[in-house]
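K.L.:
Below: one structure in structure tokens.
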Amino acid sequence: MYKYGDSHLKNHFHLCIYQLLEMATSLLSAMLPAMAVNITFDHRSLMFDGERKLLISTSIHYPRSVPEMWPKLVKLPKEGGADYNFEYRFDLVKFVKIVQDAGMYMMLRIGPFVAAEWNYGYGVPVWLHYEPRCVFRTATKPYMYHMKKFMTKIVNMMKKGRLFASQGGPIILSQVENEYGGWYEEIYGEKGKEYAMWAAHMALSQNTGVPWVMCVEQDAPYTVIDTYNSFYCDQFAPNNPLKPKIWTENWPGWYMSFELLHVPWRDKFWSHCGGSWTTTSYDYDAPIDEYGLPRFSKYGHVKELHRAIKLCQKALLTSNSTFLYLGPQLVADVYDNGSGDCAPY
């Protein structure tokens with residue numbers, strides 16, 4: 001485990017957030033090249049040294065597992081035809097290298113606020129709440145100071161390990177903040193917008209050599225890709241027609257909650273009446289369950305879906321779709337590049 005900082009408080013801050021990073025890893029059928037790769041984008045897709053790639057994603061919260069499980073958790077999505085793996089645990093560098101050894105690309109979702117239904121959004125330590133004049137996720141100097149310090153620390157760790165694609169590593173995208181626009185930005189008003197733009201430009205100033213994304217952020221500047229998280233993505237479009245459409249979180253289910261009776265006895269929150277509190281299983285009915293085991297038949301169905309999509313990669317990335325009405329509640333998007341590659345959906 002990494003320890004850094006010159007005081008107990010600094011160590012605690014860095015270790016808290018370091019242990020609570022969220023990331024996404026992407027695997028491709030070919031092994032990763034050893035040389036540096038230039039990652040660019042347009043409205044169709046990401047491009048690797050000018051070559052378009054179709055990437056399929058999957059998520060893994062690695063702090064919710066132990067390091068001994070990581071190689072298997074990385075291997076199962078790859079066998080299922082996925083191109084991404086999101087998430088984290090304590091030794092971030094070790095996890096990134098496991099992903100690289102598996103022949104996968106990675107999207108590093110630095111945050112530090114990444115939600116994930118954890119207190120303070122995973123990556124923000126409790127003590128920061130008591131910092132004078134510090135308000136989370138808005139334009140207040142104490143929060144912005146610590147956020148930039150943390151972001152720079154993580155980026156420098158990745159640079160030191162030569163883990164960005166621009167250095168020959170697996171990280172092809174990085175993310176700052178999480179699901180801010182449309183919710184919190186509106187709540188904070190002008191201070192929220194100021195913070196969102198500051199976060200975007202602060203991230204760009206890190207000079208990682210790979211693009212940055214902000215999910216659910218309609219105000220993202222042109223140089224940052226705005227992406228989407230939801231059950232469905234068909235109505236989403238980036239805020240600029242020159243950006244690719246990226247679905248950073250496709251929710252396959254939801255977490256289970258268990259309501260329990262709370263005993264009313266000398267509790268300063270529930271001192272006069274009984275209440276309920278909820279514990280959860282963060283399983284989400286995912287293709288790989290919370291124990292790291294494939295969930296059949298969903299895992300098998302998703303694997304075949306990924307295989308079918310990959311067979312259509314050339315048509316999908318080199319042509320625009322034509323909408324075809326086939327009958328009541330039956331429509332198709334047809335991709336035809338005029339060179340014999342055709343894919344209807």
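In the structure tokens, chains take letters A, B, ... by order of appearance, with residues numbered from 1 within each chain and ligands from 1 in the order shown.
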Would you pick out the contacts of stretch 224-235 of chain A at 12 Å or less, using only C-alpha atoms, so that residues sharing its chain but fewer than 6 positions from it are not included, and give the list as number ranges by chain?

P.N.:
A: 40-43, 45-46, 173-182, 196-197, 199-205, 210-218, 241-254, 284, 333

K.L.:
Based on the selection just made, write C-alpha atoms of those residues as an mmCIF file, in the first residue's frame.

P.N.:
```cif
data_model
loop_
_atom_site.group_PDB
_atom_site.id
_atom_site.type_symbol
_atom_site.label_atom_id
_atom_site.label_comp_id
_atom_site.auth_asym_id
_atom_site.auth_seq_id
_atom_site.Cartn_x
_atom_site.Cartn_y
_atom_site.Cartn_z
ATOM 1 C CA THR A 40 -8.017 10.922 -30.511
ATOM 2 C CA PHE A 41 -11.742 11.083 -31.242
ATOM 3 C CA ASP A 42 -14.416 12.372 -33.564
ATOM 4 C CA HIS A 43 -18.202 11.959 -33.693
ATOM 5 C CA SER A 45 -15.496 6.769 -32.200
ATOM 6 C CA LEU A 46 -12.222 6.830 -30.356
ATOM 7 C CA LEU A 173 -9.219 7.750 -21.141
ATOM 8 C CA SER A 174 -9.461 9.509 -17.776
ATOM 9 C CA GLN A 175 -12.528 10.884 -15.992
ATOM 10 C CA VAL A 176 -12.916 13.816 -13.640
ATOM 11 C CA GLU A 177 -16.013 14.201 -11.399
ATOM 12 C CA ASN A 178 -19.087 11.997 -11.838
ATOM 13 C CA GLU A 179 -22.751 12.637 -12.715
ATOM 14 C CA TYR A 180 -22.529 16.309 -11.788
ATOM 15 C CA GLY A 181 -24.389 18.163 -14.531
ATOM 16 C CA GLY A 182 -28.175 18.165 -14.487
ATOM 17 C CA ALA A 196 -17.585 22.097 -13.327
ATOM 18 C CA MET A 197 -15.577 24.239 -15.749
ATOM 19 C CA ALA A 199 -12.654 20.710 -12.867
ATOM 20 C CA ALA A 200 -12.533 20.188 -16.636
ATOM 21 C CA HIS A 201 -9.681 22.641 -17.203
ATOM 22 C CA MET A 202 -7.799 21.430 -14.126
ATOM 23 C CA ALA A 203 -7.937 17.874 -15.514
ATOM 24 C CA LEU A 204 -6.756 19.001 -18.961
ATOM 25 C CA SER A 205 -3.820 20.813 -17.349
ATOM 26 C CA VAL A 210 -5.092 10.914 -23.441
ATOM 27 C CA PRO A 211 -8.620 12.420 -23.658
ATOM 28 C CA TRP A 212 -10.679 13.279 -20.580
ATOM 29 C CA VAL A 213 -14.380 12.522 -20.069
ATOM 30 C CA MET A 214 -17.078 13.889 -17.740
ATOM 31 C CA CYS A 215 -20.167 11.704 -17.430
ATOM 32 C CA VAL A 216 -23.570 13.418 -17.346
ATOM 33 C CA GLU A 217 -22.010 16.852 -17.839
ATOM 34 C CA GLN A 218 -23.812 18.828 -20.525
ATOM 35 C CA PRO A 241 -21.644 16.702 -32.906
ATOM 36 C CA LEU A 242 -17.897 16.189 -33.240
ATOM 37 C CA LYS A 243 -17.728 14.070 -30.060
ATOM 38 C CA PRO A 244 -18.329 10.278 -29.960
ATOM 39 C CA LYS A 245 -21.314 8.855 -28.079
ATOM 40 C CA ILE A 246 -19.953 6.959 -25.061
ATOM 41 C CA TRP A 247 -22.124 5.034 -22.587
ATOM 42 C CA THR A 248 -19.953 4.921 -19.465
ATOM 43 C CA GLU A 249 -22.469 3.014 -17.306
ATOM 44 C CA ASN A 250 -25.113 0.632 -18.662
ATOM 45 C CA TRP A 251 -27.116 -0.463 -15.630
ATOM 46 C CA PRO A 252 -28.116 -4.160 -16.032
ATOM 47 C CA GLY A 253 -30.158 -4.223 -12.812
ATOM 48 C CA TRP A 254 -30.211 -2.585 -9.391
ATOM 49 C CA TYR A 284 -26.905 -5.182 -9.301
ATOM 50 C CA ASP A 333 -31.106 1.157 -37.830
#
```

K.L.:
Out of stretch 54-229 of chain A, which residues get strand (DSSP E) from DSSP, as a list in words?

P.N.:
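Across stretch 54-229 of chain A, those assigned strand (DSSP E) are Asn85, Phe86, Met104, Tyr105, Met106, Met107, Leu108, Arg109, Ile110, Gly111, Ile171, Ile172, Leu173, Ser174, Gln175, Val176, Trp212, Val213, Met214, Cys215, Val224, Ile225, Asp226, Thr227, Tyr228 and Asn229 of chain A.
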
K.L.:
Closest to A:Tyr345 among A:Leu293, A:Ile98, A:Leu305, A:Val74, using only C-alpha atoms?

P.N.:
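For A:Tyr345, the nearest of the given residues is A:Leu305.
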
K.L.:
Which of these residues is nearest to A:Pro294, using only C-alpha atoms: A:Glu79, A:Asp341, A:Asp49, A:Glu68?

P.N.:
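Selected residue with least distance to A:Pro294: A:Glu79.
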
K.L.:
Would you compute the distance between atom CA of A:His301 and atom CA of A:Gln313? Give it in Å to one decimal.

P.N.:
18.8 Å

K.L.:
Stretch 126-286 of chain A: which residues are alpha helix (DSSP H) by DSSP, as a VMD selection string?

P.N.:
chain A and resid 141 to 160 184 to 188 190 to 204

K.L.:
If you keep C-alpha atoms, can you produce a file of those selected residues as a PDB file, in the first residue's frame?

P.N.:
```pdb
ATOM      1  CA  LYS A 141     -11.208  27.011  -2.347  1.00  0.00           C
ATOM      2  CA  PRO A 142     -10.546  24.320   0.317  1.00  0.00           C
ATOM      3  CA  TYR A 143     -12.329  21.586  -1.658  1.00  0.00           C
ATOM      4  CA  MET A 144     -10.785  22.614  -4.978  1.00  0.00           C
ATOM      5  CA  TYR A 145      -7.327  22.725  -3.386  1.00  0.00           C
ATOM      6  CA  HIS A 146      -7.560  19.157  -2.047  1.00  0.00           C
ATOM      7  CA  MET A 147      -9.225  17.854  -5.209  1.00  0.00           C
ATOM      8  CA  LYS A 148      -6.441  19.215  -7.429  1.00  0.00           C
ATOM      9  CA  LYS A 149      -3.785  17.897  -5.047  1.00  0.00           C
ATOM     10  CA  PHE A 150      -5.343  14.429  -5.150  1.00  0.00           C
ATOM     11  CA  MET A 151      -5.823  14.467  -8.921  1.00  0.00           C
ATOM     12  CA  THR A 152      -2.194  15.478  -9.466  1.00  0.00           C
ATOM     13  CA  LYS A 153      -0.994  12.732  -7.101  1.00  0.00           C
ATOM     14  CA  ILE A 154      -2.872   9.989  -8.962  1.00  0.00           C
ATOM     15  CA  VAL A 155      -1.859  11.279 -12.399  1.00  0.00           C
ATOM     16  CA  ASN A 156       1.787  11.441 -11.342  1.00  0.00           C
ATOM     17  CA  MET A 157       1.617   7.857 -10.034  1.00  0.00           C
ATOM     18  CA  MET A 158       0.331   6.744 -13.434  1.00  0.00           C
ATOM     19  CA  LYS A 159       2.993   8.753 -15.256  1.00  0.00           C
ATOM     20  CA  LYS A 160       5.730   7.318 -13.057  1.00  0.00           C
ATOM     21  CA  TYR A 184     -25.709  19.110  -8.504  1.00  0.00           C
ATOM     22  CA  GLU A 185     -24.703  21.798 -10.957  1.00  0.00           C
ATOM     23  CA  GLU A 186     -28.280  23.081 -10.947  1.00  0.00           C
ATOM     24  CA  ILE A 187     -28.468  22.925  -7.154  1.00  0.00           C
ATOM     25  CA  TYR A 188     -25.295  24.989  -6.731  1.00  0.00           C
ATOM     26  CA  GLU A 190     -23.436  29.690 -10.775  1.00  0.00           C
ATOM     27  CA  LYS A 191     -20.990  28.218  -8.258  1.00  0.00           C
ATOM     28  CA  GLY A 192     -21.772  24.778  -9.637  1.00  0.00           C
ATOM     29  CA  LYS A 193     -21.098  25.792 -13.225  1.00  0.00           C
ATOM     30  CA  GLU A 194     -17.899  27.545 -12.163  1.00  0.00           C
ATOM     31  CA  TYR A 195     -16.749  24.380 -10.379  1.00  0.00           C
ATOM     32  CA  ALA A 196     -17.585  22.097 -13.327  1.00  0.00           C
ATOM     33  CA  MET A 197     -15.577  24.239 -15.749  1.00  0.00           C
ATOM     34  CA  TRP A 198     -12.717  24.516 -13.261  1.00  0.00           C
ATOM     35  CA  ALA A 199     -12.654  20.710 -12.867  1.00  0.00           C
ATOM     36  CA  ALA A 200     -12.533  20.188 -16.636  1.00  0.00           C
ATOM     37  CA  HIS A 201      -9.681  22.641 -17.203  1.00  0.00           C
ATOM     38  CA  MET A 202      -7.799  21.430 -14.126  1.00  0.00           C
ATOM     39  CA  ALA A 203      -7.937  17.874 -15.514  1.00  0.00           C
ATOM     40  CA  LEU A 204      -6.756  19.001 -18.961  1.00  0.00           C
TER      41      LEU A 204
END
```

K.L.:
Would you list the contacts of A:Phe323 as a PyMOL selection string, taking every protein, DNA or RNA residue within 9 Å and counting only C-alpha atoms, but skipping same-chain residues closer than 3 positions in sequence?

P.N.:
chain A and resi 331-334

K.L.:
Could you work out how far atom CA of A:Pro238 lies from atom CA of A:Phe136, giving the answer in Å with one decimal?

P.N.:
26.3 Å

K.L.:
Within 8 Å of A:Gly209, counting only C-alpha atoms, which residues qualify if same-chain residues fewer than 6 places away don't, as an MDAnalysis selection string?

P.N.:
chainID A and resid 38:39 164:166
